[in-house]
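Next comes target-v8.tsv, a file with TSV, C-alpha atoms.
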```tsv
chain	number	residue	atom	x	y	z
G	6	MET	CA	40.81	35.72	53.10
G	7	SER	CA	39.27	37.65	55.99
G	8	LYS	CA	41.03	40.85	55.04
G	9	PRO	CA	39.04	44.00	55.86
G	10	SER	CA	39.45	45.21	52.29
G	11	ALA	CA	37.88	42.03	50.94
G	12	LEU	CA	34.66	43.81	50.07
G	13	GLU	CA	36.48	46.41	48.00
G	14	GLU	CA	38.40	43.80	46.03
G	15	LYS	CA	37.48	43.31	42.40
G	16	LEU	CA	35.53	40.10	42.26
G	17	ASP	CA	33.99	40.25	38.76
G	18	HIS	CA	35.91	37.12	37.83
G	19	LEU	CA	34.54	34.96	40.65
G	20	GLN	CA	32.09	32.33	39.42
G	21	HIS	CA	29.11	31.78	41.70
G	22	HIS	CA	29.92	28.11	42.34
G	23	PHE	CA	33.27	28.91	44.01
G	24	ILE	CA	33.68	30.04	47.60
G	25	ASP	CA	36.48	32.51	46.84
G	26	SER	CA	39.15	33.47	44.31
G	27	ASP	CA	41.70	31.06	45.75
G	28	GLN	CA	39.40	28.08	45.40
G	29	GLN	CA	38.62	29.06	41.81
G	30	PHE	CA	42.33	29.53	41.07
G	31	GLU	CA	43.29	26.16	42.58
G	32	ALA	CA	40.48	24.35	40.73
G	33	SER	CA	41.58	25.84	37.39
G	34	LYS	CA	45.19	25.00	38.03
G	35	MET	CA	44.42	21.39	38.93
G	36	GLY	CA	42.34	21.09	35.76
G	37	MET	CA	45.29	22.35	33.76
G	38	TRP	CA	47.66	19.83	35.36
G	39	VAL	CA	45.26	17.02	34.45
G	40	PHE	CA	45.26	18.35	30.87
G	41	LEU	CA	49.07	18.43	30.88
G	42	VAL	CA	49.07	14.75	31.93
G	43	THR	CA	47.05	13.93	28.79
G	44	GLU	CA	49.47	16.04	26.73
G	45	ILE	CA	52.45	14.09	28.04
G	46	LEU	CA	50.81	10.81	27.08
G	47	PHE	CA	49.75	12.30	23.71
G	48	PHE	CA	53.39	13.09	22.87
G	49	GLY	CA	54.34	9.84	24.65
G	50	GLY	CA	52.97	7.79	21.75
G	51	LEU	CA	55.37	9.50	19.36
G	52	PHE	CA	58.30	9.07	21.74
G	53	VAL	CA	57.48	5.35	21.94
G	54	ALA	CA	57.50	5.13	18.12
G	55	TYR	CA	60.87	6.91	18.17
G	56	ILE	CA	62.28	4.44	20.72
G	57	ALA	CA	60.92	1.29	19.04
G	58	TYR	CA	62.35	2.28	15.65
G	59	ARG	CA	65.63	3.42	17.14
G	60	ALA	CA	66.00	-0.01	18.75
G	61	TRP	CA	65.36	-1.62	15.35
G	62	TYR	CA	67.51	0.71	13.22
G	63	PRO	CA	70.18	2.38	15.40
G	64	ASP	CA	72.44	3.03	12.37
G	65	LEU	CA	69.58	4.77	10.50
G	66	TYR	CA	69.24	7.37	13.27
G	67	LEU	CA	72.99	8.07	13.23
G	68	LEU	CA	72.97	8.59	9.46
G	69	ALA	CA	69.72	10.51	9.14
G	70	SER	CA	70.27	12.98	12.00
G	71	THR	CA	73.29	14.39	10.10
G	72	GLU	CA	70.66	16.02	7.85
G	73	LEU	CA	69.47	18.08	10.84
G	74	ASP	CA	71.36	21.27	11.62
G	75	THR	CA	72.49	21.18	15.28
G	76	PHE	CA	73.15	24.93	15.26
G	77	TRP	CA	69.56	25.89	14.44
G	78	GLY	CA	68.23	23.23	16.80
G	79	ALA	CA	70.31	24.75	19.61
G	80	VAL	CA	69.18	28.28	18.68
G	81	ASN	CA	65.55	27.16	18.83
G	82	THR	CA	66.17	25.54	22.24
G	83	ALA	CA	67.56	28.85	23.51
G	84	VAL	CA	64.62	30.76	21.97
G	85	LEU	CA	62.09	28.53	23.75
G	86	ILE	CA	63.92	28.75	27.09
G	87	GLY	CA	63.96	32.54	26.67
G	88	SER	CA	60.23	32.52	26.00
G	89	SER	CA	59.66	30.40	29.12
G	90	LEU	CA	61.53	33.06	31.08
G	91	THR	CA	59.35	35.85	29.66
G	92	VAL	CA	56.16	33.88	30.42
G	93	ALA	CA	57.35	33.43	34.01
G	94	MET	CA	58.07	37.19	34.08
G	95	ALA	CA	54.58	37.88	32.69
G	96	ILE	CA	53.02	35.87	35.54
G	97	ARG	CA	55.20	37.72	38.04
G	98	SER	CA	54.06	41.07	36.57
G	99	ALA	CA	50.41	40.02	36.87
G	100	GLN	CA	50.94	38.93	40.47
G	101	LEU	CA	52.41	42.36	41.25
G	102	ASN	CA	49.60	44.21	39.44
G	103	GLN	CA	52.03	45.51	36.79
G	104	ILE	CA	49.73	45.21	33.81
G	105	LYS	CA	52.08	47.09	31.48
G	106	GLY	CA	54.88	44.66	32.32
G	107	LEU	CA	52.50	41.77	31.77
G	108	ILE	CA	51.62	42.99	28.26
G	109	ILE	CA	55.28	43.69	27.35
G	110	ASN	CA	56.37	40.23	28.51
G	111	LEU	CA	53.54	38.61	26.56
G	112	TYR	CA	54.61	40.52	23.42
G	113	ILE	CA	58.21	39.34	23.84
G	114	THR	CA	56.95	35.77	24.29
G	115	ILE	CA	54.84	35.99	21.13
G	116	GLY	CA	57.88	37.39	19.30
G	117	LEU	CA	60.14	34.56	20.46
G	118	ALA	CA	57.50	31.95	19.57
G	119	CYS	CA	57.33	33.47	16.06
G	120	VAL	CA	61.15	33.33	15.80
G	121	PHE	CA	60.93	29.63	16.69
G	122	MET	CA	58.33	29.01	13.97
G	123	VAL	CA	60.28	30.98	11.34
G	124	ILE	CA	63.43	28.93	12.03
G	125	LYS	CA	61.34	25.75	11.87
G	126	TYR	CA	59.87	26.94	8.56
G	127	PHE	CA	63.33	27.39	7.02
G	128	GLU	CA	64.42	23.97	8.32
G	129	TYR	CA	61.36	22.32	6.77
G	130	ALA	CA	61.65	24.27	3.48
G	131	HIS	CA	65.31	23.25	3.14
G	132	LYS	CA	64.36	19.57	3.57
G	133	PHE	CA	61.36	19.75	1.24
G	134	GLU	CA	63.62	21.15	-1.50
G	135	LYS	CA	65.91	18.13	-1.16
G	136	GLY	CA	62.94	15.75	-1.36
G	137	ILE	CA	63.07	14.87	2.33
G	138	LEU	CA	59.34	14.40	2.84
G	139	PRO	CA	57.52	12.07	5.22
G	140	GLY	CA	56.55	8.50	4.37
G	141	SER	CA	56.04	7.51	0.73
G	142	TYR	CA	56.71	11.07	-0.53
G	143	TYR	CA	60.35	10.69	0.46
G	144	SER	CA	62.65	11.01	-2.59
G	145	TYR	CA	66.06	12.05	-1.23
G	146	GLU	CA	69.02	9.89	-2.31
G	147	GLY	CA	71.64	11.22	0.10
G	148	ILE	CA	71.17	8.75	2.96
G	149	ALA	CA	72.44	5.23	2.37
G	150	HIS	CA	69.66	3.45	4.23
G	151	GLU	CA	66.52	1.90	2.80
G	152	LYS	CA	64.40	3.00	5.76
G	153	ALA	CA	65.54	6.64	5.69
G	154	ASN	CA	61.95	7.82	5.20
G	155	ILE	CA	60.96	6.34	8.58
G	156	PHE	CA	63.30	8.59	10.53
G	157	PHE	CA	61.86	11.63	8.78
G	158	SER	CA	58.25	10.50	9.23
G	159	ILE	CA	58.97	10.38	12.97
G	160	TYR	CA	60.84	13.71	12.78
G	161	TYR	CA	57.98	15.47	11.00
G	162	MET	CA	55.33	14.02	13.31
G	163	MET	CA	57.20	14.96	16.50
G	164	THR	CA	58.36	18.44	15.47
G	165	GLY	CA	55.10	19.05	13.58
G	166	LEU	CA	52.90	18.25	16.58
G	167	HIS	CA	55.20	20.36	18.72
G	168	GLY	CA	54.97	23.19	16.17
G	169	VAL	CA	51.16	23.04	16.27
G	170	HIS	CA	51.41	23.43	20.05
G	171	VAL	CA	53.62	26.51	19.60
G	172	LEU	CA	51.04	28.01	17.19
G	173	VAL	CA	48.24	27.32	19.70
G	174	GLY	CA	50.43	28.97	22.35
G	175	ILE	CA	50.84	32.08	20.16
G	176	GLY	CA	47.04	32.23	19.80
G	177	LEU	CA	46.58	31.94	23.57
G	178	MET	CA	49.17	34.67	24.20
G	179	ILE	CA	47.36	37.04	21.79
G	180	TRP	CA	44.11	36.30	23.65
G	181	LEU	CA	45.87	37.13	26.95
G	182	VAL	CA	47.16	40.44	25.55
G	183	ILE	CA	43.64	41.41	24.45
G	184	LYS	CA	42.23	40.52	27.89
G	185	ALA	CA	45.06	42.33	29.67
G	186	LYS	CA	44.41	45.48	27.60
G	187	LYS	CA	40.77	45.31	28.69
G	188	LYS	CA	42.08	45.45	32.29
G	189	VAL	CA	40.68	42.01	33.10
G	190	PHE	CA	43.78	40.86	35.02
G	191	HIS	CA	45.05	42.12	38.37
G	192	SER	CA	46.91	40.61	41.33
G	193	GLY	CA	43.68	39.01	42.58
G	194	TYR	CA	42.85	37.40	39.23
G	195	TYR	CA	45.42	36.21	36.70
G	196	THR	CA	44.37	32.56	36.35
G	197	PRO	CA	44.44	32.47	32.49
G	198	VAL	CA	48.00	33.88	32.54
G	199	GLU	CA	49.15	31.27	35.08
G	200	ILE	CA	47.52	28.41	33.19
G	201	THR	CA	48.76	29.45	29.74
G	202	GLY	CA	52.19	29.72	31.38
G	203	LEU	CA	51.96	26.09	32.55
G	204	TYR	CA	51.05	25.03	29.00
G	205	TRP	CA	53.91	27.03	27.53
G	206	HIS	CA	56.46	25.54	29.94
G	207	LEU	CA	55.31	22.02	29.00
G	208	VAL	CA	55.81	22.85	25.30
G	209	ASP	CA	59.32	23.97	26.31
G	210	ILE	CA	59.97	20.72	28.23
G	211	ILE	CA	58.93	18.63	25.21
G	212	TRP	CA	61.36	20.54	22.99
G	213	ILE	CA	64.09	20.03	25.62
G	214	PHE	CA	63.72	16.28	24.91
G	215	LEU	CA	63.20	16.55	21.14
G	216	PHE	CA	66.40	18.55	20.64
G	217	PRO	CA	68.94	15.94	21.88
G	218	LEU	CA	66.88	12.99	20.60
G	219	LEU	CA	66.64	14.29	17.02
G	220	TYR	CA	69.56	16.69	16.47
G	221	LEU	CA	72.34	15.45	18.74
G	222	ILE	CA	72.57	11.75	17.87
G	223	ASP	CA	75.68	11.90	15.70
N	26	MET	CA	48.49	30.37	49.68
N	27	SER	CA	50.39	27.58	48.01
N	28	GLY	CA	49.35	28.69	44.53
N	29	HIS	CA	50.56	32.26	44.76
N	30	HIS	CA	54.30	32.03	45.13
N	31	ILE	CA	55.95	35.09	43.58
N	32	SER	CA	59.50	34.50	42.33
N	33	SER	CA	61.92	37.41	42.17
N	34	ALA	CA	63.06	38.56	38.73
N	35	LYS	CA	66.64	37.73	39.72
N	36	PHE	CA	65.65	34.17	40.61
N	37	LEU	CA	63.82	33.65	37.29
N	38	TRP	CA	66.84	34.93	35.37
N	39	GLY	CA	69.04	32.53	37.36
N	40	VAL	CA	66.81	29.61	36.38
N	41	ALA	CA	66.92	30.64	32.70
N	42	ILE	CA	70.71	31.07	32.74
N	43	SER	CA	71.16	27.60	34.29
N	44	LEU	CA	68.96	26.22	31.47
N	45	PHE	CA	71.02	28.04	28.82
N	46	MET	CA	74.20	26.61	30.35
N	47	LEU	CA	72.80	23.06	30.37
N	48	THR	CA	71.79	23.51	26.70
N	49	PHE	CA	75.36	24.48	25.93
N	50	ILE	CA	76.67	21.47	27.89
N	51	THR	CA	74.36	19.05	26.08
N	52	VAL	CA	75.72	20.32	22.73
N	53	ALA	CA	79.31	20.39	24.01
N	54	VAL	CA	79.30	16.74	25.14
N	55	THR	CA	78.63	15.68	21.54
N	56	TRP	CA	82.04	17.16	20.59
N	57	VAL	CA	83.64	14.58	22.92
N	58	ALA	CA	83.22	11.08	21.50
N	59	ILE	CA	81.39	9.22	24.27
N	60	PRO	CA	80.98	5.47	23.50
N	61	GLU	CA	77.63	4.25	22.19
N	62	PRO	CA	75.06	3.70	24.92
N	63	TRP	CA	76.50	6.42	27.18
N	64	ASN	CA	76.08	9.36	24.79
N	65	VAL	CA	72.31	8.76	24.85
N	66	VAL	CA	72.34	8.31	28.64
N	67	VAL	CA	74.18	11.62	29.11
N	68	ALA	CA	71.90	13.48	26.67
N	69	ILE	CA	68.73	12.17	28.38
N	70	ALA	CA	70.16	12.80	31.87
N	71	ILE	CA	70.82	16.47	31.00
N	72	ALA	CA	67.33	16.79	29.44
N	73	VAL	CA	65.78	15.30	32.61
N	74	VAL	CA	67.67	17.78	34.80
N	75	LYS	CA	66.45	20.64	32.58
N	76	ALA	CA	62.86	19.34	32.70
N	77	ILE	CA	63.04	19.13	36.51
N	78	ILE	CA	64.34	22.72	36.69
N	79	VAL	CA	61.55	23.99	34.41
N	80	SER	CA	58.79	22.10	36.23
N	81	ALA	CA	60.03	22.92	39.73
N	82	PHE	CA	60.87	26.62	39.32
N	83	PHE	CA	59.00	27.88	36.23
N	84	MET	CA	55.88	25.76	36.69
N	85	ASN	CA	56.19	26.37	40.45
N	86	LEU	CA	55.84	22.71	41.46
N	87	TYR	CA	58.42	23.34	44.19
N	88	TRP	CA	56.03	25.67	46.03
N	89	ASP	CA	52.79	24.13	44.82
N	90	THR	CA	50.58	21.48	46.44
N	91	LYS	CA	52.15	18.03	46.24
N	92	PHE	CA	49.07	16.83	44.36
N	93	HIS	CA	50.16	18.56	41.15
N	94	SER	CA	53.64	17.03	41.44
N	95	MET	CA	51.98	13.65	41.91
N	96	LEU	CA	49.93	14.11	38.71
N	97	PHE	CA	53.07	15.05	36.80
N	98	VAL	CA	55.12	12.14	38.18
N	99	LEU	CA	52.30	9.66	37.56
N	100	SER	CA	52.08	10.72	33.90
N	101	ILE	CA	55.80	9.95	33.58
N	102	VAL	CA	55.31	6.58	35.33
N	103	PHE	CA	52.55	5.61	32.89
N	104	PHE	CA	54.68	6.84	29.99
N	105	LEU	CA	57.55	4.58	31.14
N	106	LEU	CA	55.09	1.69	31.41
N	107	PHE	CA	53.98	2.47	27.84
N	108	ILE	CA	57.62	2.32	26.67
N	109	GLY	CA	58.36	-0.84	28.66
N	110	ILE	CA	55.40	-2.87	27.49
N	111	THR	CA	55.89	-1.80	23.85
N	112	LEU	CA	59.58	-2.78	23.95
N	113	LEU	CA	58.68	-6.19	25.43
N	114	ASP	CA	56.99	-6.80	22.09
N	115	THR	CA	59.19	-4.97	19.57
N	116	LEU	CA	62.58	-6.00	21.00
N	117	TYR	CA	61.82	-9.74	20.98
N	118	ARG	CA	60.35	-10.23	17.52
N	119	THR	CA	62.23	-12.77	15.40
N	120	ASP	CA	61.28	-10.94	12.20
N	121	PRO	CA	61.30	-7.22	13.04
N	122	ILE	CA	58.72	-5.66	10.76
N	123	PRO	CA	57.52	-6.83	7.39
N	124	SER	CA	57.09	-3.79	5.15
N	125	PHE	CA	57.40	-0.51	7.02
```
Take the structure I supplied and represent it as structure tokens, if you would.
Amino acid sequence: MSKPSALEEKLDHLQHHFIDSDQQFEASKMGMWVFLVTEILFFGGLFVAYIAYRAWYPDLYLLASTELDTFWGAVNTAVLIGSSLTVAMAIRSAQLNQIKGLIINLYITIGLACVFMVIKYFEYAHKFEKGILPGSYYSYEGIAHEKANIFFSIYYMMTGLHGVHVLVGIGLMIWLVIKAKKKVFHSGYYTPVEITGLYWHLVDIIWIFLFPLLYLID
Amino acid sequence: MSGHHISSAKFLWGVAISLFMLTFITVAVTWVAIPEPWNVVVAIAIAVVKAIIVSAFFMNLYWDTKFHSMLFVLSIVFFLLFIGITLLDTLYRTDPIPSF
């Protein structure tokens, strides 16, 4: 930190209550990790519901998951992993002061996130048409199990909450693009990019578990 | 600085390709009929490996301060506790659930 050029560095971002950029960066990042802990426990409740009901009705899960299309689930997994790669590339671009690369990578990430949501939309629409709706709205006759609606209540809650997180992620990415275009970010300050990246990777990790647990049972 | 590790583009691509391959493997193992409890074990094991790869090399935990790894691991520990204590109830009920 005692570089001779320190005085010439851009320090607009530095809040007065931090000693230097590194301290501010580390504080933000730790705050984000604490938030991610709450996110894991937030989704954890739904995973626990999944596990408790699977222990009660193992045959229901085998039957009901045949209604989910493994192909599109796998495509969406690949799309999210690809978007994690582009977010990591965006952070790398910011670290190297390549603002153009940062913006391009953010655009690709937004595009991939939209692809994910469009696929999810078609999956939902296809089920709604058949009458596969959550809870008491369930009216599909094709699954020979009296508790079939329970599997889909859990499915819609888990993928729905995940989908909301993807939408929030898209919003955050758009915000990052706007800030990047205003030349806010440079190699000395890219904290929002780093932290949004952490969030995005966690959304990816959650999907990595949802995919085998919901689509790959049969 | 621990928080400013810069990965090479090649390395990041390598991480993504390994994740794509594991995704393929997790789908491919369902084509082989693995007996009941083990298909779930294999699926979860592959997902855990993928999650470790993402958290270590995309979320930079490998180069980061150990404190962030500790936060992450502790959240998993409490999640497992959550599962364990819930199952102690739900698995040992004589009458599973009345109406839902």
Inset, instruction - Would you give me, as a PyMOL selection string, the residues of chain G that come within 8 Å of chain N, using only C-alpha atoms? - result: chain G and resi 27+30-31+35+38-39+41-43+45-46+49+53+56-57+60-61+79+82-83+86-87+89-90+93-94+97+100+152+155+202-203+206+210+213-214+217-218+221-223
Inset, instruction - List the neighbours of Lys125 of chain G out to 10 Å using all atoms listed in the file; skip same-chain residues closer than 4 positions along the sequence, and give me the result as JSON, numbers by chain. - result: {"G": [77, 78, 81, 119, 120, 121, 129, 130, 131, 164, 165, 168]}
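Atom CA of Tyr194 of chain G to atom CA of Ala99 of chain G spans 8.3 Å [interatomic distance, one decimal].
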Legend entry - Between atom CA of Arg59 of chain G and atom CA of Pro62 of chain N - distance in Å to one decimal: 12.2 Å
Inset, instruction - Mind checking which residues fall within 9 Å of Gly174 of chain G, counting all atoms listed in the file, ignoring those fewer than 4 positions away in the same chain, and posting them as a PyMOL selection string? - result: chain G and resi 115+118+169-170+178-179+201+204-205+208
